[in-house]
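Source file: run_13.txt (compact mmCIF, C-alpha atoms)
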```txt
# COMPACT_ATOMS: atom_id res chain seq x y z
CA MET V 1 -34.93 67.45 -43.51
CA ARG V 2 -35.33 68.10 -47.27
CA SER V 3 -37.79 66.61 -49.73
CA THR V 4 -37.60 66.09 -53.48
CA ARG V 5 -40.81 67.03 -55.28
CA SER V 6 -42.12 65.96 -58.65
CA GLU V 7 -43.54 68.33 -61.25
CA ASN V 8 -47.09 67.99 -59.91
CA GLY V 9 -45.96 69.06 -56.44
CA ARG V 10 -46.25 65.73 -54.67
CA SER V 11 -43.32 64.52 -52.59
CA TRP V 12 -41.24 61.61 -54.01
CA ALA V 13 -39.19 60.82 -50.88
CA TRP V 14 -37.29 62.33 -48.01
CA ARG V 15 -33.64 62.14 -49.06
CA SER V 16 -32.29 62.59 -45.55
CA HIS V 17 -34.54 59.96 -43.97
CA PRO V 18 -32.40 57.15 -42.49
CA ASN V 19 -34.78 54.41 -43.68
CA LEU V 20 -34.69 55.30 -47.39
CA LEU V 21 -32.27 53.91 -49.97
CA VAL V 22 -31.79 56.13 -53.02
CA THR V 23 -30.29 55.32 -56.42
CA GLY V 24 -30.84 57.64 -59.40
CA ARG V 25 -34.62 58.12 -59.62
CA LEU V 26 -35.47 54.85 -57.76
CA TYR V 27 -36.31 55.14 -54.04
CA PHE V 28 -36.53 52.10 -51.74
CA PRO V 29 -38.07 52.28 -48.22
CA GLN V 30 -35.56 50.18 -46.29
CA LEU V 31 -37.77 49.11 -43.37
CA ALA V 32 -40.63 48.15 -45.68
CA LEU V 33 -38.25 46.11 -47.83
CA ARG V 34 -36.81 44.32 -44.79
CA ARG V 35 -40.34 43.47 -43.67
CA ARG V 36 -41.30 42.26 -47.16
CA LEU V 37 -38.15 40.16 -47.55
CA GLY V 38 -38.83 38.67 -44.13
CA GLN V 39 -42.21 37.53 -45.43
CA LEU V 40 -40.57 36.02 -48.51
CA SER V 41 -38.15 34.04 -46.34
CA CYS V 42 -41.12 32.30 -44.67
CA MET V 43 -42.60 31.12 -47.97
CA SER V 44 -42.22 27.67 -49.49
CA LYS V 45 -39.50 27.34 -52.13
CA PRO V 46 -41.88 27.21 -55.15
CA ALA V 47 -43.81 30.26 -53.89
CA LEU V 48 -40.58 32.09 -53.07
CA ARG V 49 -39.20 31.39 -56.53
CA LEU V 50 -42.40 32.65 -58.12
CA ARG V 51 -42.47 35.87 -56.07
CA SER V 52 -38.71 36.50 -56.63
CA TRP V 53 -38.96 36.25 -60.41
CA PRO V 54 -40.09 39.83 -61.15
CA LEU V 55 -37.24 41.37 -59.13
CA THR V 56 -34.72 38.94 -60.64
CA VAL V 57 -35.83 39.71 -64.20
CA LEU V 58 -35.62 43.44 -63.48
CA TYR V 59 -32.19 42.94 -61.92
CA TYR V 60 -30.80 41.53 -65.18
CA LEU V 61 -32.73 43.85 -67.53
CA LEU V 62 -32.28 47.25 -65.87
CA PRO V 63 -29.01 49.22 -66.21
CA LEU V 64 -26.13 47.88 -64.13
CA GLY V 65 -26.51 48.71 -60.45
CA ALA V 66 -30.10 49.99 -60.65
CA LEU V 67 -31.28 47.48 -58.06
CA ARG V 68 -28.02 47.22 -56.13
CA PRO V 69 -29.50 48.90 -53.01
CA LEU V 70 -31.69 45.83 -52.56
CA SER V 71 -28.60 43.84 -51.61
CA ARG V 72 -28.23 46.03 -48.50
CA VAL V 73 -31.47 44.68 -47.10
CA GLY V 74 -30.64 41.02 -47.74
CA TRP V 75 -32.06 40.34 -51.22
CA ARG V 76 -30.06 38.29 -53.69
CA PRO V 77 -31.09 37.66 -57.31
CA VAL V 78 -31.65 34.14 -58.58
CA SER V 79 -28.64 33.11 -60.67
CA ARG V 80 -28.95 33.26 -64.44
CA VAL V 81 -28.56 29.47 -64.62
CA ALA V 82 -31.33 28.88 -62.05
CA LEU V 83 -33.53 31.43 -63.82
CA TYR V 84 -33.02 29.67 -67.15
CA LYS V 85 -33.69 26.25 -65.61
CA SER V 86 -37.02 27.60 -64.33
CA VAL V 87 -38.23 28.29 -67.88
CA PRO V 88 -40.86 25.63 -68.84
CA THR V 89 -38.85 24.34 -71.82
CA ARG V 90 -40.77 21.05 -72.00
CA LEU V 91 -44.08 22.89 -72.33
CA LEU V 92 -42.62 25.25 -74.91
CA SER V 93 -41.20 22.29 -76.86
CA ARG V 94 -44.58 20.53 -76.92
CA ALA V 95 -46.22 23.75 -78.11
CA TRP V 96 -43.55 24.06 -80.83
CA GLY V 97 -44.17 20.44 -81.81
CA ARG V 98 -47.88 21.13 -82.21
CA LEU V 99 -47.09 24.20 -84.32
CA ASN V 100 -44.77 22.12 -86.51
CA GLN V 101 -47.64 19.77 -87.33
CA VAL V 102 -49.92 22.54 -88.61
CA GLU V 103 -50.30 22.27 -92.38
CA LEU V 104 -49.22 25.46 -94.11
CA PRO V 105 -51.24 26.94 -96.98
CA HIS V 106 -49.65 26.19 -100.33
CA TRP V 107 -48.89 29.87 -101.01
CA LEU V 108 -47.18 30.32 -97.63
CA ARG V 109 -44.74 27.40 -97.81
CA ARG V 110 -42.10 28.96 -100.04
CA PRO V 111 -41.69 32.23 -98.07
CA VAL V 112 -41.64 30.42 -94.69
CA TYR V 113 -39.14 27.76 -95.74
CA SER V 114 -37.05 30.28 -97.69
CA LEU V 115 -36.69 32.40 -94.55
CA TYR V 116 -35.56 29.33 -92.58
CA ILE V 117 -33.11 28.34 -95.35
CA TRP V 118 -31.62 31.85 -95.42
CA THR V 119 -31.40 32.08 -91.60
CA PHE V 120 -29.68 28.73 -90.99
CA GLY V 121 -27.85 28.18 -94.27
CA VAL V 122 -29.71 25.05 -95.41
CA ASN V 123 -28.44 23.45 -98.64
CA MET V 124 -31.62 22.32 -100.40
CA LYS V 125 -29.66 20.99 -103.39
CA GLU V 126 -28.85 17.96 -101.22
CA ALA V 127 -32.51 17.28 -100.36
CA ALA V 128 -34.25 14.33 -102.01
CA VAL V 129 -37.13 16.71 -102.81
CA GLU V 130 -36.00 20.28 -103.58
CA ASP V 131 -39.50 21.64 -104.25
CA LEU V 132 -40.48 23.60 -101.12
CA HIS V 133 -44.19 23.21 -101.85
CA HIS V 134 -43.82 19.46 -101.28
CA TYR V 135 -43.40 19.89 -97.49
CA ARG V 136 -46.83 20.29 -95.92
CA ASN V 137 -45.58 21.51 -92.53
CA LEU V 138 -42.42 22.52 -90.71
CA SER V 139 -41.99 19.03 -89.26
CA GLU V 140 -41.76 17.46 -92.71
CA PHE V 141 -39.28 20.12 -93.77
CA PHE V 142 -37.06 19.56 -90.70
CA ARG V 143 -37.04 15.79 -91.32
CA ARG V 144 -36.35 16.00 -95.05
CA LYS V 145 -34.39 13.15 -96.60
CA LEU V 146 -31.20 13.54 -98.64
CA LYS V 147 -30.31 12.32 -102.08
CA PRO V 148 -28.51 8.95 -101.86
CA GLN V 149 -25.29 10.35 -103.36
CA ALA V 150 -25.26 13.40 -101.06
CA ARG V 151 -23.60 11.52 -98.16
CA PRO V 152 -21.28 8.70 -99.28
CA VAL V 153 -20.38 6.40 -96.37
CA CYS V 154 -16.65 6.01 -95.77
CA GLY V 155 -15.74 2.33 -95.93
CA LEU V 156 -12.09 2.67 -94.94
CA HIS V 157 -12.67 3.68 -91.30
CA SER V 158 -14.37 1.65 -88.58
CA VAL V 159 -16.40 4.56 -87.08
CA ILE V 160 -18.15 7.25 -89.12
CA SER V 161 -20.11 10.33 -88.14
CA PRO V 162 -23.74 9.37 -87.46
CA SER V 163 -24.99 12.83 -88.45
CA ASP V 164 -24.16 16.24 -89.82
CA GLY V 165 -22.94 18.66 -87.18
CA LYS V 166 -20.04 20.24 -85.33
CA ILE V 167 -17.48 18.33 -83.27
CA LEU V 168 -17.62 19.72 -79.73
CA ASN V 169 -15.24 17.28 -78.10
CA PHE V 170 -13.63 13.85 -78.46
CA GLY V 171 -10.94 11.68 -76.92
CA GLN V 172 -10.38 9.16 -74.14
CA VAL V 173 -12.68 9.06 -71.11
CA LYS V 174 -10.60 9.76 -68.00
CA ASN V 175 -11.68 9.45 -64.34
CA CYS V 176 -15.27 8.68 -65.39
CA GLU V 177 -15.65 12.31 -66.51
CA VAL V 178 -16.56 13.33 -70.07
CA GLU V 179 -16.15 16.83 -71.52
CA GLN V 180 -19.31 18.28 -73.09
CA VAL V 181 -17.16 21.22 -74.25
CA LYS V 182 -13.57 22.00 -73.40
CA GLY V 183 -13.17 22.51 -69.66
CA VAL V 184 -16.79 21.60 -68.75
CA THR V 185 -17.38 17.98 -67.74
CA TYR V 186 -20.18 15.66 -66.72
CA SER V 187 -20.27 12.33 -64.91
CA LEU V 188 -20.27 9.26 -67.14
CA GLU V 189 -22.46 7.32 -64.70
CA SER V 190 -24.96 10.19 -64.35
CA PHE V 191 -25.17 10.41 -68.14
CA LEU V 192 -25.61 6.69 -68.92
CA GLY V 193 -27.27 5.68 -65.65
CA PRO V 194 -26.54 2.58 -63.54
CA ARG V 195 -25.03 -0.39 -65.30
CA ILE V 196 -27.50 -2.69 -67.02
CA PRO V 197 -27.90 -6.10 -65.29
CA THR V 198 -25.54 -8.70 -66.69
CA GLU V 199 -28.30 -11.03 -67.81
CA ASP V 200 -29.62 -8.40 -70.22
CA LEU V 201 -26.28 -8.08 -72.00
CA PRO V 202 -24.74 -10.18 -74.78
CA PHE V 203 -21.45 -9.98 -72.83
CA SER V 204 -20.37 -9.80 -69.19
CA PRO V 205 -18.82 -6.78 -67.52
CA ALA V 206 -15.12 -6.98 -66.80
CA THR V 207 -15.79 -6.73 -63.06
CA SER V 208 -18.92 -6.89 -60.91
CA CYS V 209 -17.52 -4.18 -58.66
CA GLY V 210 -15.04 -1.37 -58.97
CA SER V 211 -15.30 1.79 -61.00
CA PHE V 212 -18.10 2.42 -63.45
CA ARG V 213 -15.56 2.69 -66.25
CA SER V 214 -14.18 -0.78 -65.52
CA GLN V 215 -17.70 -2.18 -65.88
CA LEU V 216 -18.00 -0.70 -69.38
CA VAL V 217 -14.60 -1.81 -70.65
CA THR V 218 -15.16 -5.48 -71.36
CA ARG V 219 -11.78 -6.46 -72.83
CA GLU V 220 -8.32 -6.24 -71.39
CA GLY V 221 -6.12 -3.59 -72.99
CA ASN V 222 -9.03 -1.51 -74.32
CA GLU V 223 -9.76 2.13 -73.53
CA LEU V 224 -13.01 4.08 -73.37
CA TYR V 225 -13.54 6.85 -75.94
CA HIS V 226 -16.15 9.53 -76.51
CA CYS V 227 -17.24 11.96 -79.24
CA VAL V 228 -19.81 14.77 -79.00
CA ILE V 229 -21.52 16.08 -82.17
CA TYR V 230 -23.79 19.15 -82.07
CA LEU V 231 -26.54 19.39 -84.70
CA ALA V 232 -27.47 22.99 -85.52
CA PRO V 233 -31.02 23.87 -86.66
CA GLY V 234 -29.88 24.04 -90.29
CA ASP V 235 -28.24 20.59 -90.29
CA TYR V 236 -29.67 17.36 -91.66
CA HIS V 237 -31.76 16.09 -88.70
CA CYS V 238 -31.65 12.31 -89.21
CA PHE V 239 -28.94 10.19 -87.61
CA HIS V 240 -27.49 6.87 -88.70
CA SER V 241 -25.55 3.94 -87.35
CA PRO V 242 -21.89 4.98 -86.89
CA THR V 243 -20.53 1.44 -87.23
CA ASP V 244 -21.53 -2.23 -87.50
CA TRP V 245 -22.93 -3.07 -84.08
CA THR V 246 -25.80 -4.71 -82.21
CA VAL V 247 -28.21 -2.67 -80.07
CA SER V 248 -29.27 -4.68 -77.02
CA HIS V 249 -30.80 -2.08 -74.73
CA ARG V 250 -32.56 1.30 -74.68
CA ARG V 251 -32.71 3.63 -71.69
CA HIS V 252 -34.91 6.74 -71.84
CA PHE V 253 -34.26 9.60 -69.40
CA PRO V 254 -37.13 12.12 -69.25
CA GLY V 255 -35.72 15.50 -68.27
CA SER V 256 -35.33 19.15 -69.11
CA LEU V 257 -35.14 20.43 -72.68
CA MET V 258 -32.58 23.20 -72.38
CA SER V 259 -30.64 24.45 -75.36
CA VAL V 260 -27.51 22.40 -76.13
CA ASN V 261 -25.69 24.94 -78.30
CA PRO V 262 -21.97 25.26 -77.44
CA GLY V 263 -22.45 28.54 -75.58
CA MET V 264 -25.05 27.00 -73.28
CA ALA V 265 -22.90 23.87 -72.83
CA ARG V 266 -20.10 26.09 -71.47
CA TRP V 267 -22.54 27.83 -69.14
CA ILE V 268 -24.38 24.90 -67.50
CA LYS V 269 -22.35 22.05 -66.00
CA GLU V 270 -23.70 18.55 -66.67
CA LEU V 271 -26.16 20.00 -69.18
CA PHE V 272 -26.42 16.66 -71.01
CA CYS V 273 -27.31 14.92 -67.72
CA HIS V 274 -30.19 17.35 -67.10
CA ASN V 275 -31.72 17.06 -70.57
CA GLU V 276 -34.02 14.37 -71.88
CA ARG V 277 -32.05 11.72 -73.74
CA VAL V 278 -32.28 8.24 -75.25
CA VAL V 279 -29.30 5.94 -74.61
CA LEU V 280 -28.80 2.99 -76.95
CA THR V 281 -26.22 0.46 -75.75
CA GLY V 282 -24.83 -2.74 -77.21
CA ASP V 283 -21.58 -4.07 -78.56
CA TRP V 284 -19.39 -3.97 -81.63
CA LYS V 285 -16.35 -5.98 -82.65
CA HIS V 286 -14.20 -4.31 -79.96
CA GLY V 287 -16.67 -4.47 -77.05
CA PHE V 288 -19.05 -1.92 -75.52
CA PHE V 289 -20.68 0.68 -77.79
CA SER V 290 -23.34 3.33 -77.10
CA LEU V 291 -25.08 6.12 -78.96
CA THR V 292 -27.06 8.74 -77.04
CA ALA V 293 -29.50 11.17 -78.64
CA VAL V 294 -29.82 14.25 -76.40
CA GLY V 295 -32.98 16.37 -76.63
CA ALA V 296 -32.99 20.18 -76.56
CA THR V 297 -35.37 23.14 -76.56
CA ASN V 298 -37.98 22.59 -79.29
CA VAL V 299 -36.51 19.11 -79.84
CA GLY V 300 -38.68 17.13 -77.45
CA SER V 301 -39.33 14.54 -80.15
CA ILE V 302 -36.58 11.92 -80.47
CA ARG V 303 -37.52 9.03 -82.72
CA ILE V 304 -35.76 5.65 -83.01
CA TYR V 305 -37.03 3.88 -86.12
CA PHE V 306 -36.99 0.32 -84.73
CA ASP V 307 -38.40 1.30 -81.30
CA GLN V 308 -42.15 1.89 -81.56
CA ASP V 309 -42.57 1.90 -77.76
CA LEU V 310 -40.45 5.01 -77.25
CA HIS V 311 -42.41 8.20 -76.42
CA THR V 312 -40.44 11.34 -75.54
CA ASN V 313 -41.40 14.71 -74.01
CA SER V 314 -44.39 13.39 -72.08
CA PRO V 315 -46.29 16.01 -70.03
CA ARG V 316 -45.50 14.30 -66.70
CA TYR V 317 -42.37 12.58 -65.47
CA SER V 318 -40.44 12.01 -62.25
CA LYS V 319 -37.18 13.91 -62.03
CA GLY V 320 -34.19 11.55 -62.12
CA SER V 321 -36.27 8.61 -63.37
CA TYR V 322 -35.55 6.50 -66.43
CA ASN V 323 -37.24 3.74 -68.43
CA ASP V 324 -35.40 0.62 -69.60
CA PHE V 325 -36.26 -1.58 -72.55
CA SER V 326 -34.33 -4.65 -73.69
CA PHE V 327 -34.17 -5.74 -77.32
CA VAL V 328 -32.78 -9.11 -76.23
CA THR V 329 -35.64 -11.63 -76.00
CA HIS V 330 -36.08 -15.39 -75.85
CA THR V 331 -36.56 -15.43 -79.62
CA ASN V 332 -33.85 -12.85 -80.31
CA LYS V 333 -30.74 -13.53 -78.25
CA GLU V 334 -28.60 -10.91 -79.97
CA GLY V 335 -30.64 -7.70 -80.19
CA ILE V 336 -31.03 -5.33 -83.15
CA PRO V 337 -28.18 -5.59 -85.69
CA MET V 338 -27.23 -2.26 -87.30
CA ARG V 339 -25.04 -1.80 -90.35
CA LYS V 340 -22.74 1.20 -90.73
CA GLY V 341 -24.67 4.08 -92.31
CA GLU V 342 -28.10 2.49 -91.78
CA HIS V 343 -30.95 4.85 -90.78
CA LEU V 344 -31.30 4.87 -86.99
CA GLY V 345 -33.49 7.82 -85.92
CA GLU V 346 -34.29 11.52 -86.19
CA PHE V 347 -34.70 14.77 -84.26
CA ASN V 348 -37.04 17.68 -84.79
CA LEU V 349 -34.86 20.80 -85.28
CA GLY V 350 -31.30 20.29 -83.88
CA SER V 351 -29.66 18.57 -80.94
CA THR V 352 -26.63 16.49 -79.91
CA ILE V 353 -25.30 12.97 -80.47
CA VAL V 354 -22.87 11.48 -77.94
CA LEU V 355 -20.88 8.34 -78.76
CA ILE V 356 -19.18 6.40 -75.93
CA PHE V 357 -17.41 3.18 -76.85
CA GLU V 358 -14.46 0.98 -76.06
CA ALA V 359 -11.67 0.27 -78.51
CA PRO V 360 -8.01 -0.82 -78.48
CA LYS V 361 -5.42 1.70 -77.34
CA ASP V 362 -4.27 2.38 -80.89
CA PHE V 363 -7.67 3.80 -81.93
CA ASN V 364 -7.17 7.28 -83.44
CA PHE V 365 -9.70 10.02 -84.11
CA LYS V 366 -9.43 11.80 -87.48
CA LEU V 367 -10.90 15.02 -86.09
CA LYS V 368 -10.28 18.54 -84.83
CA ALA V 369 -12.39 20.15 -82.11
CA GLY V 370 -14.81 22.66 -83.61
CA GLN V 371 -14.71 21.25 -87.14
CA LYS V 372 -17.84 20.74 -89.22
CA ILE V 373 -18.57 17.17 -90.17
CA ARG V 374 -21.16 15.41 -92.30
CA PHE V 375 -22.84 12.06 -91.95
CA GLY V 376 -20.70 9.30 -93.49
CA GLU V 377 -17.34 11.01 -92.95
CA ALA V 378 -14.69 9.29 -90.85
CA LEU V 379 -14.52 9.79 -87.09
CA GLY V 380 -11.64 7.41 -86.45
CA SER V 381 -10.16 3.98 -86.92
CA LEU V 382 -7.44 1.60 -85.76
```
Translate the structure described by the file into structure tokens.
Amino acid sequence: MRSTRSENGRSWAWRSHPNLLVTGRLYFPQLALRRRLGQLSCMSKPALRLRSWPLTVLYYLLPLGALRPLSRVGWRPVSRVALYKSVPTRLLSRAWGRLNQVELPHWLRRPVYSLYIWTFGVNMKEAAVEDLHHYRNLSEFFRRKLKPQARPVCGLHSVISPSDGKILNFGQVKNCEVEQVKGVTYSLESFLGPRIPTEDLPFSPATSCGSFRSQLVTREGNELYHCVIYLAPGDYHCFHSPTDWTVSHRRHFPGSLMSVNPGMARWIKELFCHNERVVLTGDWKHGFFSLTAVGATNVGSIRIYFDQDLHTNSPRYSKGSYNDFSFVTHTNKEGIPMRKGEHLGEFNLGSTIVLIFEAPKDFNFKLKAGQKIRFGEALGSL
């Protein structure tokens, strides 16, 4: 039996001992690990997740294979997706929101905003106020308005882009599945939630039973379409009405605030269904129309200008819950009329807009996946 000794003469481990696992300069006592992992298996899930974190983080940070011997005694690392979902993104987003509200000293505004402009490629020549000293805090800078002539609204097409951003996906909705990015889908019903009761709508569903899609398509011969627009941190953060329509209902889903950048959307299935979002539904001249503002990390604040009762990123919420609010009242039988290009709401930082609507079969998108688009430019028309 041979030992390996350190420089100070003390023994590191017995290499030939049958209960030791050795890899490089890391030595694992196998029986002790089995006993410890047995204790972990008896813990509650929250406690187990907490106690497994340090090993999982080390597993992904250390050189490849450094902790591989642990797998021989029954330990498995938490997946990267599960590890990321465990990050308190809502708390971080609220902290970021508080930081955004802090008024910056006058002398500090130009260097801070200039760094942001350089990092994310912001075009300040389009801003209504180009003077950086005008913006008292980061929140005001993120929500800056544009010059009226900076975004002309296309009048020739029936649907325009509601915001600046990047087109992630678009097309017909098939089998009640919508692509968040190419090859990664989410459930239409999970995203929008259960169908709104008929009495709250200005129109009746095509069928009271059957598929969820058939309940959204209100007119014979129409199809259901979708378009996903990703707003990067450097984009204009306000969003506008994409067409002439009437908003009859708002549904708010409290949820996670994970990043919605394209890379993350490829990584996490049904990402948009996990994240906090505000779904506006109503109708336009061809039937059902909806616009959904999806929150993201550091974008807990979603504001709808005509909805003063909406409060997003609350400290407490029930997972899977949602809050409904109807704009149809006894005095207002129609809802909230919106004109194409009219101001609708805003994000803090960047996020995602998802349009889901019905239209005749000859509706055509004027887009390419991955292209950059600006508010007011055409999405599609008949």
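Across V:Pro360, V:Gly341, V:Glu189, V:Ile117, the tightest approach to Cys154 in chain V is made by V:Gly341 when counting all atoms listed in the file.
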Which residues of range 119-214 of chain V come within 9 Å of range 107-110 of chain V, and for each one, what is the closest pair of atoms and their distance in Å to one decimal, counting only C-alpha atoms, sorted by chain and residue number, as a tab-separated table?
```
residue	atom	partner	partner_atom	distance
V:Asp131	CA	V:Arg110	CA	8.8
V:Leu132	CA	V:Arg110	CA	5.7
V:His133	CA	V:Arg109	CA	5.8
V:His134	CA	V:Arg109	CA	8.7
V:Tyr135	CA	V:Arg109	CA	7.6
V:Arg136	CA	V:Arg109	CA	7.6
V:Asn137	CA	V:Arg109	CA	8.0
V:Leu138	CA	V:Arg109	CA	8.9
```
Determine, counting all atoms listed in the file, which protein, DNA and RNA residues have an atom within 12 Å of an atom of Met124 in chain V; residues of the same chain fewer than 3 positions away are not included. Present the result as an mmCIF file with C-alpha atoms, keeping the file's coordinate frame.
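New file out-v6.cif:
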```cif
data_model
loop_
_atom_site.group_PDB
_atom_site.id
_atom_site.type_symbol
_atom_site.label_atom_id
_atom_site.label_comp_id
_atom_site.auth_asym_id
_atom_site.auth_seq_id
_atom_site.Cartn_x
_atom_site.Cartn_y
_atom_site.Cartn_z
ATOM 1 C CA TYR V 113 -39.140 27.760 -95.740
ATOM 2 C CA SER V 114 -37.050 30.280 -97.690
ATOM 3 C CA TYR V 116 -35.560 29.330 -92.580
ATOM 4 C CA ILE V 117 -33.110 28.340 -95.350
ATOM 5 C CA TRP V 118 -31.620 31.850 -95.420
ATOM 6 C CA PHE V 120 -29.680 28.730 -90.990
ATOM 7 C CA GLY V 121 -27.850 28.180 -94.270
ATOM 8 C CA ALA V 127 -32.510 17.280 -100.360
ATOM 9 C CA ALA V 128 -34.250 14.330 -102.010
ATOM 10 C CA VAL V 129 -37.130 16.710 -102.810
ATOM 11 C CA GLU V 130 -36.000 20.280 -103.580
ATOM 12 C CA ASP V 131 -39.500 21.640 -104.250
ATOM 13 C CA LEU V 132 -40.480 23.600 -101.120
ATOM 14 C CA PHE V 141 -39.280 20.120 -93.770
ATOM 15 C CA PHE V 142 -37.060 19.560 -90.700
ATOM 16 C CA ARG V 144 -36.350 16.000 -95.050
ATOM 17 C CA LYS V 145 -34.390 13.150 -96.600
ATOM 18 C CA LEU V 146 -31.200 13.540 -98.640
ATOM 19 C CA LYS V 147 -30.310 12.320 -102.080
ATOM 20 C CA ALA V 150 -25.260 13.400 -101.060
ATOM 21 C CA GLY V 234 -29.880 24.040 -90.290
ATOM 22 C CA ASP V 235 -28.240 20.590 -90.290
ATOM 23 C CA TYR V 236 -29.670 17.360 -91.660
#
```
Inset, instruction - Could you give me, as a PyMOL selection string, the residues that have an atom at most 7 Å away from the point (-37.2, 15.3, -69.4) in the coordinates of the file, using all atoms listed in the file? - result: chain V and resi 253-257+275-276+313
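The coordinates place CA of Pro242 in chain V at 8.3 Å from CA of Glu342 in chain V.
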Legend entry - Straight-line distance linking CA of His226 in chain V with CA of Leu355 in chain V, stated in Å to one decimal: 5.4 Å
Inset, instruction - List every protein, DNA or RNA residue that has at least one atom no more than 9 Å from (-12.3, 6.9, -83.6) in the file's coordinates, counting all atoms listed in the file, and write the result as a PyMOL selection string. - result: chain V and resi 157-160+170-171+225-227+359+363-367+378-382
Legend entry - Long-range neighbours of range 210-220 of chain V as number ranges by chain, 10 Å cut-off, only C-alpha atoms, 5 positions minimum in chain: V: 173-177, 188-189, 193-196, 203-205, 283, 286-289, 356-360
Inset, instruction - Quote the spacing between CA of Val247 in chain V and CA of Arg374 in chain V in Å to one decimal place. - result: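 Separating CA of Val247 in chain V from CA of Arg374 in chain V is a distance of 22.9 Å.
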